[in-house]
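Chemist: My structure is in work-v6.txt, and what it holds is compact mmCIF, C-alpha atoms:
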```txt
# COMPACT_ATOMS: atom_id res chain seq x y z
CA MET A 1 0.00 0.00 0.00
CA GLN A 2 1.32 3.42 -1.00
CA PHE A 3 1.92 6.07 1.66
CA GLN A 4 -0.38 9.07 1.37
CA VAL A 5 0.61 12.58 2.46
CA SER A 6 -2.81 13.77 3.53
CA GLU A 7 -3.93 17.05 5.05
CA GLU A 8 -4.72 15.13 8.23
CA LEU A 9 -1.12 13.92 8.45
CA ILE A 10 0.27 17.41 7.85
CA ASP A 11 -2.00 18.82 10.56
CA LYS A 12 -0.94 16.01 12.88
CA ILE A 13 2.78 16.67 12.24
CA LYS A 14 2.28 20.39 12.86
CA TYR A 15 0.51 19.65 16.15
CA LEU A 16 3.27 17.26 17.25
CA ILE A 17 5.94 19.83 16.41
CA GLU A 18 4.12 22.50 18.39
CA GLU A 19 3.84 20.14 21.36
CA ARG A 20 7.46 18.97 20.90
CA LYS A 21 6.41 15.31 20.87
CA ASP A 22 9.52 14.07 19.11
CA GLU A 23 8.98 10.38 19.71
CA GLU A 24 5.55 10.45 18.06
CA ILE A 25 6.95 12.36 15.08
CA LEU A 26 9.67 9.75 14.67
CA LEU A 27 7.05 7.00 14.90
CA HIS A 28 4.93 8.60 12.16
CA LEU A 29 7.90 9.12 9.82
CA GLU A 30 9.98 6.06 10.67
CA GLU A 31 9.35 4.11 7.43
CA VAL A 32 8.36 7.03 5.18
CA HIS A 33 10.05 7.27 1.76
CA TYR A 34 12.32 10.27 1.24
CA ALA A 35 10.08 11.57 -1.59
CA ASP A 36 7.13 11.65 0.82
CA ILE A 37 9.27 13.33 3.48
CA ALA A 38 10.11 15.99 0.89
CA GLU A 39 6.39 16.47 0.22
CA ILE A 40 5.77 16.89 3.95
CA LEU A 41 8.62 19.42 4.24
CA THR A 42 7.07 21.39 1.38
CA GLU A 43 3.71 21.61 3.17
CA LEU A 44 5.27 22.83 6.44
CA ASP A 45 6.58 26.34 7.02
CA VAL A 46 10.35 26.81 7.05
CA ALA A 47 10.70 26.65 10.85
CA GLU A 48 8.66 23.45 11.04
CA ALA A 49 10.52 21.88 8.10
CA THR A 50 13.86 22.75 9.71
CA TYR A 51 12.68 21.14 12.96
CA ILE A 52 11.91 17.89 11.09
CA VAL A 53 15.28 17.91 9.31
CA LYS A 54 17.10 18.31 12.62
CA LEU A 55 14.99 15.65 14.32
CA LEU A 56 15.25 12.88 11.73
CA ASN A 57 18.54 11.17 11.01
CA SER A 58 20.49 12.41 8.00
CA GLU A 59 20.02 9.11 6.19
CA GLN A 60 16.28 9.90 5.97
CA THR A 61 16.51 13.60 5.18
CA ALA A 62 19.53 13.79 2.85
CA GLU A 63 17.63 12.46 -0.17
CA ALA A 64 14.52 14.40 0.83
CA LEU A 65 16.41 17.69 0.64
CA MET A 66 17.37 16.93 -2.97
CA GLU A 67 13.69 16.50 -3.84
CA LEU A 68 12.78 19.98 -2.64
CA GLU A 69 12.51 23.06 -4.83
CA GLU A 70 15.77 25.01 -4.74
CA ASP A 71 14.24 28.05 -3.03
CA ARG A 72 12.65 25.97 -0.25
CA ARG A 73 15.87 23.95 0.24
CA GLU A 74 17.94 27.14 0.44
CA ARG A 75 15.71 28.58 3.15
CA ILE A 76 15.96 25.38 5.21
CA LEU A 77 19.74 25.23 4.82
CA ASP A 78 19.98 28.84 5.99
CA SER A 79 18.47 27.65 9.27
CA LEU A 80 21.07 24.92 9.76
CA SER A 81 24.59 25.23 11.13
CA PRO A 82 27.60 24.25 8.98
CA LYS A 83 27.93 21.07 11.10
CA GLU A 84 24.28 20.13 10.50
CA ILE A 85 24.60 20.73 6.75
CA ALA A 86 27.79 18.66 6.68
CA ASP A 87 25.96 15.79 8.42
CA GLU A 88 23.41 15.82 5.59
CA LEU A 89 26.13 15.90 2.92
CA ASN A 90 27.88 12.92 4.48
CA GLU A 91 24.86 10.79 3.54
CA MET A 92 24.58 12.08 -0.04
CA ASP A 93 26.24 10.91 -3.23
CA THR A 94 28.99 13.29 -4.24
CA ASP A 95 27.05 14.76 -7.17
CA ASP A 96 24.08 15.66 -4.96
CA ALA A 97 26.36 16.98 -2.24
CA ALA A 98 28.18 19.18 -4.77
CA ASP A 99 24.83 20.55 -5.97
CA ILE A 100 23.94 21.49 -2.39
CA ILE A 101 27.34 23.07 -1.73
CA SER A 102 27.16 25.14 -4.93
CA GLU A 103 23.97 26.83 -3.66
CA LEU A 104 25.76 28.14 -0.56
CA SER A 105 27.84 31.30 -0.21
CA LEU A 106 31.61 30.89 -0.65
CA GLU A 107 32.23 31.52 3.04
CA LEU A 108 29.62 28.97 4.10
CA GLN A 109 30.96 26.47 1.55
CA GLN A 110 34.35 26.50 3.26
CA ASP A 111 32.80 26.13 6.72
CA VAL A 112 30.62 23.21 5.63
CA ILE A 113 33.40 21.36 3.77
CA SER A 114 35.65 21.66 6.82
CA GLU A 115 32.94 19.93 8.89
CA ILE A 116 32.63 16.89 6.59
CA THR A 117 34.13 13.98 8.51
CA ASP A 118 35.00 11.79 5.50
CA GLU A 119 38.05 13.46 3.93
CA GLN A 120 37.76 11.50 0.68
CA HIS A 121 34.11 12.49 0.39
CA ALA A 122 35.06 16.13 0.94
CA ASP A 123 37.86 15.94 -1.64
CA ASP A 124 35.48 14.41 -4.20
CA ILE A 125 32.93 17.18 -3.62
CA VAL A 126 35.57 19.89 -4.04
CA GLU A 127 36.70 18.24 -7.29
CA LEU A 128 33.15 18.25 -8.69
CA LEU A 129 32.77 21.94 -7.86
CA ARG A 130 35.52 22.69 -10.38
CA TYR A 131 33.30 21.73 -13.30
CA ASP A 132 30.48 23.62 -14.96
CA GLU A 133 27.19 22.40 -13.52
CA ASN A 134 25.84 21.62 -17.01
CA SER A 135 28.87 19.59 -18.09
CA ALA A 136 29.48 15.87 -17.61
CA GLY A 137 31.91 16.73 -14.80
CA GLY A 138 29.23 18.72 -13.01
CA LEU A 139 26.63 15.98 -13.45
CA MET A 140 28.75 12.97 -12.51
CA ALA A 141 29.08 11.20 -9.17
CA LYS A 142 32.37 9.81 -7.94
CA GLU A 143 30.79 6.65 -6.50
CA LEU A 144 31.23 3.66 -8.82
CA VAL A 145 32.56 0.12 -8.96
CA LYS A 146 35.73 -0.54 -10.95
CA VAL A 147 38.21 -3.39 -11.26
CA SER A 148 41.69 -3.67 -12.72
CA GLU A 149 42.21 -5.64 -15.88
CA ASN A 150 45.14 -7.36 -14.14
CA TRP A 151 43.06 -8.75 -11.28
CA SER A 152 41.81 -12.30 -11.07
CA VAL A 153 38.10 -13.06 -10.79
CA THR A 154 38.52 -14.34 -7.24
CA GLY A 155 40.79 -11.49 -6.18
CA CYS A 156 38.46 -8.70 -7.33
CA MET A 157 35.36 -9.82 -5.40
CA ALA A 158 36.40 -8.48 -1.99
CA ASP A 159 37.38 -5.11 -3.44
CA MET A 160 34.10 -4.87 -5.38
CA ARG A 161 32.08 -5.54 -2.23
CA LYS A 162 33.92 -2.74 -0.43
CA GLN A 163 33.32 -0.29 -3.29
CA ALA A 164 29.64 -1.25 -3.59
CA GLU A 165 29.01 -0.17 0.02
CA ASN A 166 29.22 3.46 -1.12
CA VAL A 167 27.17 3.03 -4.31
CA THR A 168 23.40 3.39 -4.11
CA ARG A 169 22.81 1.30 -7.24
CA VAL A 170 25.38 -0.65 -9.25
CA HIS A 171 24.55 -0.18 -12.93
CA SER A 172 27.90 -1.22 -14.37
CA ILE A 173 31.32 -2.52 -13.40
CA TYR A 174 34.11 -0.65 -15.17
CA VAL A 175 37.53 -2.01 -16.07
CA VAL A 176 40.68 0.13 -15.84
CA ASP A 177 44.41 -0.44 -16.26
CA ASP A 178 47.13 0.28 -13.71
CA LYS A 179 46.98 4.02 -14.55
CA ASN A 180 43.20 4.13 -14.00
CA LYS A 181 42.54 4.53 -17.73
CA LEU A 182 39.17 3.22 -18.84
CA LYS A 183 39.51 -0.04 -20.77
CA GLY A 184 35.96 -1.38 -20.89
CA ARG A 185 33.14 -2.82 -18.82
CA LEU A 186 32.52 -6.09 -17.04
CA SER A 187 29.34 -8.12 -17.37
CA LEU A 188 28.07 -9.41 -14.05
CA LYS A 189 26.97 -12.60 -15.80
CA ASP A 190 30.46 -13.16 -17.23
CA LEU A 191 31.95 -12.50 -13.81
CA LEU A 192 29.69 -15.06 -12.11
CA THR A 193 30.18 -17.75 -14.75
CA ALA A 194 33.93 -17.30 -15.24
CA SER A 195 36.47 -19.69 -13.80
CA SER A 196 37.77 -18.57 -10.40
CA ASP A 197 41.36 -18.49 -11.67
CA ALA A 198 40.51 -16.45 -14.80
CA ASN A 199 41.76 -12.88 -15.19
CA ILE A 200 39.52 -9.86 -15.73
CA SER A 201 41.49 -9.13 -18.91
CA ASP A 202 40.14 -12.40 -20.36
CA ILE A 203 36.44 -11.70 -19.79
CA TYR A 204 35.83 -7.93 -19.87
CA ILE A 205 34.08 -6.19 -22.79
CA PRO A 206 36.38 -3.58 -24.40
CA SER A 207 33.49 -1.73 -26.04
CA VAL A 208 32.10 0.95 -23.73
CA ASP A 209 30.40 4.30 -24.30
CA TYR A 210 31.87 7.17 -22.30
CA VAL A 211 31.99 10.96 -22.15
CA ASN A 212 34.64 13.51 -21.25
CA VAL A 213 34.31 15.68 -18.14
CA HIS A 214 33.82 18.73 -20.37
CA THR A 215 31.10 17.19 -22.57
CA GLU A 216 27.95 19.34 -22.51
CA GLY A 217 24.99 17.96 -20.58
CA ASP A 218 22.80 18.07 -23.71
CA GLU A 219 25.25 15.79 -25.51
CA VAL A 220 25.40 13.40 -22.54
CA ALA A 221 21.59 13.20 -22.55
CA ARG A 222 21.56 12.55 -26.31
CA ILE A 223 24.09 9.72 -26.03
CA MET A 224 22.30 8.06 -23.11
CA GLN A 225 18.96 8.35 -24.89
CA LYS A 226 20.31 7.02 -28.19
CA TYR A 227 21.94 3.94 -26.68
CA ASP A 228 19.40 3.38 -23.84
CA LEU A 229 22.08 3.64 -21.15
CA GLU A 230 21.29 3.52 -17.44
CA ALA A 231 24.73 4.92 -16.63
CA ILE A 232 27.73 6.22 -18.53
CA PRO A 233 31.35 6.54 -17.32
CA VAL A 234 33.14 9.88 -17.34
CA VAL A 235 36.85 10.25 -18.16
CA ASP A 236 39.29 13.15 -17.93
CA GLU A 237 41.61 14.50 -20.60
CA MET A 238 43.97 11.54 -20.11
CA ASN A 239 41.15 9.00 -20.44
CA ARG A 240 41.27 8.21 -16.72
CA LEU A 241 38.00 7.08 -15.14
CA VAL A 242 36.82 9.82 -12.77
CA GLY A 243 33.10 9.21 -12.31
CA ARG A 244 29.78 8.10 -13.76
CA ILE A 245 26.45 9.70 -14.67
CA THR A 246 23.30 7.74 -13.89
CA ILE A 247 19.94 7.94 -15.64
CA ASP A 248 18.20 9.64 -12.69
CA ASP A 249 20.69 12.51 -12.82
CA ILE A 250 20.31 12.97 -16.57
CA VAL A 251 16.50 12.87 -16.28
CA ASP A 252 16.69 15.67 -13.70
CA PHE A 253 18.95 17.61 -16.06
CA ILE A 254 16.56 17.13 -19.00
CA LYS A 255 13.63 18.23 -16.84
CA GLU A 256 15.44 21.39 -15.74
CA GLU A 257 16.44 22.23 -19.32
CA ALA A 258 12.89 21.64 -20.55
CA GLU A 259 11.54 23.97 -17.86
CA LYS A 260 14.05 26.64 -18.87
CA ASP A 261 13.14 26.29 -22.55
CA TYR A 262 9.44 26.40 -21.74
CA GLN A 263 9.87 29.58 -19.73
CA MET A 264 12.04 31.13 -22.44
CA ALA A 265 9.44 30.26 -25.07
CA ALA A 266 6.87 32.03 -22.89
CA GLY A 267 9.08 35.13 -22.69
CA ILE A 268 10.62 34.57 -19.25
CA SER A 269 14.34 35.30 -19.34
CA GLU A 270 15.33 33.72 -15.99
CA ASP A 271 14.69 30.41 -14.26
CA VAL A 272 12.02 31.40 -11.73
CA GLU A 273 9.40 29.74 -9.55
CA ALA A 274 5.87 30.88 -8.72
CA ASP A 275 6.90 31.52 -5.11
CA ASP A 276 9.85 33.77 -6.01
CA SER A 277 9.84 37.44 -5.02
CA ILE A 278 7.92 40.01 -7.03
CA TRP A 279 11.19 41.73 -7.95
CA ARG A 280 12.74 38.54 -9.35
CA LEU A 281 9.58 37.64 -11.27
CA THR A 282 9.39 41.18 -12.67
CA ARG A 283 13.05 41.07 -13.71
CA ALA A 284 12.46 37.78 -15.52
CA ARG A 285 9.30 38.83 -17.36
CA LEU A 286 9.65 42.56 -18.04
CA PRO A 287 12.38 42.47 -20.77
CA TRP A 288 10.23 40.46 -23.18
CA LEU A 289 7.18 42.56 -22.37
CA ILE A 290 9.18 45.64 -23.31
CA LEU A 291 10.16 43.92 -26.57
CA GLY A 292 6.50 43.17 -27.21
CA LEU A 293 5.62 46.78 -26.49
CA PHE A 294 8.13 48.12 -29.00
CA GLY A 295 6.96 45.50 -31.49
CA GLY A 296 3.40 46.69 -31.05
CA LEU A 297 4.49 50.31 -31.47
CA GLY A 298 6.31 49.29 -34.64
CA ALA A 299 3.13 47.68 -35.95
CA VAL A 300 1.20 50.88 -35.16
CA TYR A 301 3.79 52.90 -37.08
CA VAL A 302 3.45 50.55 -40.06
CA MET A 303 -0.34 50.90 -40.05
CA LYS A 304 -0.03 54.66 -39.80
CA GLY A 305 1.87 54.64 -43.08
CA PHE A 306 -1.17 53.08 -44.79
CA GLU A 307 -3.86 55.45 -43.54
CA GLU A 308 -5.18 55.89 -47.08
CA ALA A 309 -5.78 52.14 -47.35
CA LEU A 310 -7.78 52.14 -44.15
CA ALA A 311 -9.75 55.16 -45.30
CA ASN A 312 -10.73 53.60 -48.65
CA TYR A 313 -11.13 49.99 -47.53
CA VAL A 314 -12.17 49.90 -43.90
CA GLU A 315 -12.52 46.09 -44.13
CA LEU A 316 -8.73 45.85 -44.08
CA PHE A 317 -8.67 47.20 -40.53
CA PHE A 318 -10.81 44.35 -39.22
CA PHE A 319 -8.55 41.72 -40.81
CA THR A 320 -5.35 43.18 -39.36
CA PRO A 321 -5.52 41.12 -36.11
CA LEU A 322 -6.13 37.99 -38.20
CA ILE A 323 -2.99 38.56 -40.29
CA ALA A 324 -0.86 39.31 -37.22
CA ALA A 325 -2.17 36.30 -35.30
CA MET A 326 -1.64 33.88 -38.20
CA ALA A 327 1.89 35.18 -38.77
CA GLY A 328 2.75 34.70 -35.10
CA ASN A 329 1.15 31.26 -34.89
CA VAL A 330 2.85 29.90 -38.00
CA GLY A 331 6.21 31.32 -36.93
CA VAL A 332 5.96 29.71 -33.49
CA GLN A 333 4.90 26.37 -35.03
CA SER A 334 7.86 26.34 -37.40
CA SER A 335 10.38 27.42 -34.80
CA ALA A 336 9.06 24.90 -32.23
CA ILE A 337 9.65 22.01 -34.65
CA ILE A 338 13.16 23.23 -35.49
CA VAL A 339 14.08 23.81 -31.83
CA GLN A 340 12.85 20.31 -30.97
CA GLY A 341 14.92 18.88 -33.83
CA LEU A 342 18.01 20.76 -32.67
CA ALA A 343 17.51 19.53 -29.11
CA ASN A 344 17.19 15.92 -30.27
CA ASP A 345 19.99 16.29 -32.83
CA ASN A 346 17.85 14.82 -35.61
CA LEU A 347 17.89 17.65 -38.14
CA ARG A 348 19.30 16.32 -41.37
CA GLY A 349 20.08 17.92 -44.73
CA SER A 350 20.99 21.43 -45.78
CA LEU A 351 19.32 24.62 -44.62
CA PHE A 352 18.27 25.36 -48.21
CA ASN A 353 16.41 22.06 -48.54
CA ARG A 354 14.71 22.58 -45.21
CA LEU A 355 13.56 26.05 -46.26
CA LEU A 356 12.19 24.63 -49.52
CA LYS A 357 10.28 21.98 -47.58
CA GLU A 358 8.86 24.63 -45.26
CA ILE A 359 7.77 26.74 -48.25
CA GLY A 360 5.94 23.77 -49.74
CA LEU A 361 4.24 22.94 -46.46
CA THR A 362 3.11 26.49 -45.72
CA LEU A 363 2.01 27.02 -49.31
CA ILE A 364 -0.46 24.14 -48.93
CA ASN A 365 -1.64 25.46 -45.56
CA GLY A 366 -1.84 29.00 -46.93
CA VAL A 367 -3.94 28.02 -49.95
CA VAL A 368 -6.42 26.16 -47.73
CA LEU A 369 -6.66 29.11 -45.33
CA GLY A 370 -6.91 31.56 -48.23
CA ILE A 371 -9.82 29.64 -49.74
CA LEU A 372 -11.59 29.73 -46.40
CA VAL A 373 -11.12 33.52 -46.26
CA ILE A 374 -12.59 33.90 -49.76
CA LEU A 375 -15.57 31.70 -48.82
CA PHE A 376 -16.08 33.81 -45.71
CA GLY A 377 -16.09 36.95 -47.89
CA LEU A 378 -18.77 35.43 -50.14
CA ILE A 379 -20.94 34.60 -47.14
CA VAL A 380 -20.76 38.11 -45.64
CA GLY A 381 -21.05 39.87 -49.02
CA GLN A 382 -17.54 41.31 -49.03
CA PRO A 383 -16.15 42.59 -52.39
CA GLN A 384 -14.31 39.72 -54.09
CA ILE A 385 -11.26 41.82 -54.86
CA VAL A 386 -10.88 42.58 -51.15
CA SER A 387 -11.30 38.90 -50.20
CA PHE A 388 -8.74 37.91 -52.85
CA THR A 389 -6.31 40.54 -51.55
CA ILE A 390 -6.66 39.34 -47.97
CA ALA A 391 -6.25 35.70 -49.03
CA LEU A 392 -3.12 36.43 -51.08
CA ALA A 393 -1.65 38.49 -48.24
CA LEU A 394 -2.39 35.69 -45.78
CA ILE A 395 -0.61 33.11 -47.97
CA THR A 396 2.41 35.38 -48.40
CA VAL A 397 2.57 36.29 -44.72
CA ILE A 398 2.50 32.73 -43.40
CA ILE A 399 5.16 31.61 -45.90
CA ILE A 400 7.50 34.37 -44.74
CA ALA A 401 6.61 33.69 -41.08
CA ALA A 402 7.44 30.01 -41.56
CA LEU A 403 10.79 30.88 -43.16
CA ILE A 404 11.64 33.19 -40.27
CA GLY A 405 10.56 30.54 -37.77
CA THR A 406 12.80 28.00 -39.51
CA PHE A 407 15.78 30.20 -40.27
CA VAL A 408 16.18 32.07 -36.97
CA PRO A 409 16.53 29.06 -34.57
CA ILE A 410 19.13 27.44 -36.82
CA ILE A 411 21.18 30.63 -37.03
CA LEU A 412 20.93 31.18 -33.26
CA ASP A 413 22.09 27.61 -32.65
CA LYS A 414 25.08 28.07 -34.95
CA GLN A 415 26.00 31.22 -33.00
CA GLY A 416 25.88 29.35 -29.68
CA ILE A 417 22.64 31.03 -28.54
CA ASP A 418 19.84 28.92 -27.07
CA PRO A 419 17.40 28.51 -30.01
CA ALA A 420 14.47 28.18 -27.58
CA ILE A 421 14.44 31.96 -27.52
CA ALA A 422 13.06 31.81 -31.08
CA THR A 423 9.82 30.09 -30.01
CA GLY A 424 8.64 32.97 -27.86
CA PRO A 425 7.86 36.67 -28.18
CA PHE A 426 10.91 37.26 -30.40
CA ILE A 427 9.34 35.34 -33.30
CA THR A 428 5.79 36.45 -32.56
CA THR A 429 6.67 40.14 -32.40
CA SER A 430 8.85 40.16 -35.51
CA ASN A 431 6.25 38.27 -37.52
CA ASP A 432 3.50 40.66 -36.38
CA ILE A 433 5.42 43.61 -37.82
CA PHE A 434 6.42 41.87 -41.05
CA GLY A 435 2.91 40.44 -41.45
CA ILE A 436 1.14 43.76 -41.13
CA PHE A 437 3.57 45.49 -43.47
CA ILE A 438 3.19 42.80 -46.15
CA PHE A 439 -0.59 42.81 -45.74
CA PHE A 440 -0.96 46.54 -46.37
CA TYR A 441 1.73 46.66 -49.06
CA LEU A 442 -0.04 43.96 -51.10
CA ALA A 443 -3.38 45.64 -50.48
CA LYS A 444 -1.98 48.92 -51.77
CA THR A 445 -0.53 47.19 -54.85
CA ILE A 446 -3.63 45.19 -55.74
CA LEU A 447 -6.37 47.64 -54.79
CA GLY A 448 -4.50 50.60 -56.28
CA PHE A 449 -4.83 53.39 -53.73
```
Write out the structure in this file as structure tokens.
Modeler:
Amino acid sequence: MQFQVSEELIDKIKYLIEERKDEEILLHLEEVHYADIAEILTELDVAEATYIVKLLNSEQTAEALMELEEDRRERILDSLSPKEIADELNEMDTDDAADIISELSLELQQDVISEITDEQHADDIVELLRYDENSAGGLMAKELVKVSENWSVTGCMADMRKQAENVTRVHSIYVVDDKNKLKGRLSLKDLLTASSDANISDIYIPSVDYVNVHTEGDEVARIMQKYDLEAIPVVDEMNRLVGRITIDDIVDFIKEEAEKDYQMAAGISEDVEADDSIWRLTRARLPWLILGLFGGLGAVYVMKGFEEALANYVELFFFTPLIAAMAGNVGVQSSAIIVQGLANDNLRGSLFNRLLKEIGLTLINGVVLGILVILFGLIVGQPQIVSFTIALALITVIIIAALIGTFVPIILDKQGIDPAIATGPFITTSNDIFGIFIFFYLAKTILGF
């Protein structure tokens, strides 16, 4: 039966904290999964959550802290002493511990690291802090199981057992030489079925996928997805085995990147949460709103240049929002597909061929939409020349919008800029301006005013 974090339980925990009934709290949370503990900590206020973290043993709360939103975790850690934080880090894998440490101030980082009792654990955390958080080095954990190619099957078992004590889950056994250079991987089945006097060099598999410490997180995710890997070893510049990245860590990375891209596509320039301060939320959202404002003013200026058209054919005014909306929608559709292809690394062929394909696709869509506009004009008794003008402008506008939506993300990606920016207000605003200008220019040419 699954554990349920109910409102009754939260109220009960709050009451027990207020009454300082520690033994009852421990009884309620004794066998609770760390994910459920994290959910409970989220429902409590910071003081109550801190009380629970201090009360429970670090083995229970260490994983729970990693499940919390960064802002909530930071506020809880601010309420703990360096010694108490270090006790939590002692129970974490090095990659999680490094993530926690990186959120602290430099002064507090030094105080916490000095309180970590396991010197090797502390050294490993400090090493991970050297790497960019979005690189393989920043994502990897130091805990793994490795054997030397020169060991015998019997001789390696005791050492493997000792290493496995510090590894939460053993996905793979890696094989190295005397200089710790990665040579391959060892199948558990081959190890169990091999003769006791056989050498590891006789049974290990030399083929192994790996990444360098400086490999970008996106590339690590692509490799693990392509080859269905549960874990991948990480090597340094000299091909020495220094860590491994597991599937749970890469899933967390993908989730964080997807959230960033989603926010960027919505016109939010920083990674923010709903509970962040008004100032931080304003800082994240205002820049794109300003861009949208100037885009709107640009569209107004364009329309002002065609006052004669509006005076002679007032119908054009009522179709202006339609043209702008279709331009923005088509541009976002095109850019979203390209950004997704860039993220998955499955865009093939030249840019020219892709643009031709997009022209063909949008031409079909445009003709269908144009016919619907003409039919609408017949129903409402609109002059056919006006309906034809609007339909032609619509076809032209969505073709150009699709080209912009295709071209811009690819160019941004080649320049090292996150192409997700092209799926938001940037594309919508630019296509609004271009769409309105093309609409009125064609109307002026065809209708002759």
Chemist: If you count all atoms listed in the file, which residues fall within 9 Å of Gly292 in chain A, apart from same-chain ones fewer than 2 positions away, as a list of chain:residue names?
Modeler: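 Contacts, with the query itself left out: A:Pro287, A:Trp288, A:Leu289, A:Ile290, A:Phe294, A:Gly295, A:Gly296, A:Leu297, A:Pro425, A:Phe426, A:Thr428, A:Thr429.
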Chemist: Selected residues, C-alpha atoms, written as a PDB file, in the coordinates of the input, please.
Modeler:
```pdb
ATOM      1  CA  PRO A 287      12.380  42.470 -20.770  1.00  0.00           C
ATOM      2  CA  TRP A 288      10.230  40.460 -23.180  1.00  0.00           C
ATOM      3  CA  LEU A 289       7.180  42.560 -22.370  1.00  0.00           C
ATOM      4  CA  ILE A 290       9.180  45.640 -23.310  1.00  0.00           C
ATOM      5  CA  PHE A 294       8.130  48.120 -29.000  1.00  0.00           C
ATOM      6  CA  GLY A 295       6.960  45.500 -31.490  1.00  0.00           C
ATOM      7  CA  GLY A 296       3.400  46.690 -31.050  1.00  0.00           C
ATOM      8  CA  LEU A 297       4.490  50.310 -31.470  1.00  0.00           C
ATOM      9  CA  PRO A 425       7.860  36.670 -28.180  1.00  0.00           C
ATOM     10  CA  PHE A 426      10.910  37.260 -30.400  1.00  0.00           C
ATOM     11  CA  THR A 428       5.790  36.450 -32.560  1.00  0.00           C
ATOM     12  CA  THR A 429       6.670  40.140 -32.400  1.00  0.00           C
TER      13      THR A 429
END
```
Chemist: Determine, counting all atoms listed in the file, which protein, DNA and RNA residues have an atom within 8 Å of an atom of Ala401 in chain A; residues of the same chain fewer than 3 positions away are not included. Present the result as a PyMOL selection string.
Modeler: chain A and resi 327-328+330-331+397-398+404-405+431+435
Chemist: What's the separation between CA of Arg244 in chain A and CA of Asp93 in chain A, in Å to one decimal place?
Modeler: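 Taking CA of Arg244 in chain A and CA of Asp93 in chain A, their separation equals 11.5 Å.
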Chemist: Work out how far apart CA of Ser335 in chain A and CA of Leu356 in chain A are and give it in Å to one decimal.
Modeler: 15.1 Å
Chemist: Of the candidates A:Leu56, A:Leu241, A:Ala299, A:Ala393, which shows the shortest atom-to-atom distance to Glu31 in chain A, using all atoms listed in the file?
Modeler: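 Of A:Leu56, A:Leu241, A:Ala299, A:Ala393, the one nearest Glu31 in chain A, counting all atoms listed in the file, is A:Leu56.
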Chemist: For Leu55 in chain A, list every protein, DNA or RNA residue within 9 Å, evaluated using all atoms listed in the file, and leave out those in the same chain fewer than 4 positions away; present the list as a list in words.
Modeler: Asp22, Ile25, Leu26, Thr50 and Tyr51 of chain A
Chemist: Would you mind exporting the chosen residues as a compact mmCIF listing (two decimals), in the frame of the given file, restricted to C-alpha atoms?
Modeler:
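Written output follows (selection_18.txt):
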```txt
# COMPACT_ATOMS: atom_id res chain seq x y z
CA ASP A 22 9.52 14.07 19.11
CA ILE A 25 6.95 12.36 15.08
CA LEU A 26 9.67 9.75 14.67
CA THR A 50 13.86 22.75 9.71
CA TYR A 51 12.68 21.14 12.96
```
Chemist: Which is closer to Gln340 in chain A than all the others in A:Asp218, A:Pro419, A:Ile200, A:Lys162, using all atoms listed in the file?
Modeler: A:Pro419
Chemist: What is the CA of Leu281 in chain A-CA of Ala97 in chain A distance in Å, reported with one decimal?
Modeler: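 Interatomic distance, CA of Leu281 in chain A to CA of Ala97 in chain A: 28.1 Å.
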Chemist: May I have the residues within 10 Å of Leu363 in chain A as a PyMOL selection string, using all atoms listed in the file and disregarding those fewer than 2 positions away in the same chain?
Modeler: chain A and resi 357-361+365-369+395-396+398-399+402
Chemist: Could the residues of range 157-264 of chain A that have an atom at most 12 Å from range 109-132 of chain A be listed as JSON lines, each with its closest atom pair and the distance in Å to one decimal, counting all atoms listed in the file and ordered by chain and ascending residue number?
Modeler:
```
{"residue": "A:Asn166", "atom": "CA", "partner": "A:His121", "partner_atom": "CA", "distance": 10.4}
{"residue": "A:Asn212", "atom": "CA", "partner": "A:Tyr131", "partner_atom": "CA", "distance": 11.5}
{"residue": "A:Val213", "atom": "CA", "partner": "A:Tyr131", "partner_atom": "CA", "distance": 7.8}
{"residue": "A:His214", "atom": "CA", "partner": "A:Tyr131", "partner_atom": "CA", "distance": 7.7}
{"residue": "A:Thr215", "atom": "CA", "partner": "A:Asp132", "partner_atom": "CA", "distance": 10.0}
{"residue": "A:Glu216", "atom": "CA", "partner": "A:Asp132", "partner_atom": "CA", "distance": 9.0}
{"residue": "A:Gly217", "atom": "CA", "partner": "A:Asp132", "partner_atom": "CA", "distance": 9.7}
{"residue": "A:Asp236", "atom": "CA", "partner": "A:Tyr131", "partner_atom": "CA", "distance": 11.4}
{"residue": "A:Val242", "atom": "CA", "partner": "A:Asp124", "partner_atom": "CA", "distance": 9.8}
{"residue": "A:Gly243", "atom": "CA", "partner": "A:Leu128", "partner_atom": "CA", "distance": 9.7}
{"residue": "A:Arg244", "atom": "CA", "partner": "A:Leu128", "partner_atom": "CA", "distance": 11.8}
```
Chemist: Would you save the residues from that selection as a PDB file, in the coordinates of the input, using C-alpha atoms?
Modeler:
```pdb
ATOM      1  CA  ASN A 166      29.220   3.460  -1.120  1.00  0.00           C
ATOM      2  CA  ASN A 212      34.640  13.510 -21.250  1.00  0.00           C
ATOM      3  CA  VAL A 213      34.310  15.680 -18.140  1.00  0.00           C
ATOM      4  CA  HIS A 214      33.820  18.730 -20.370  1.00  0.00           C
ATOM      5  CA  THR A 215      31.100  17.190 -22.570  1.00  0.00           C
ATOM      6  CA  GLU A 216      27.950  19.340 -22.510  1.00  0.00           C
ATOM      7  CA  GLY A 217      24.990  17.960 -20.580  1.00  0.00           C
ATOM      8  CA  ASP A 236      39.290  13.150 -17.930  1.00  0.00           C
ATOM      9  CA  VAL A 242      36.820   9.820 -12.770  1.00  0.00           C
ATOM     10  CA  GLY A 243      33.100   9.210 -12.310  1.00  0.00           C
ATOM     11  CA  ARG A 244      29.780   8.100 -13.760  1.00  0.00           C
TER      12      ARG A 244
END
```
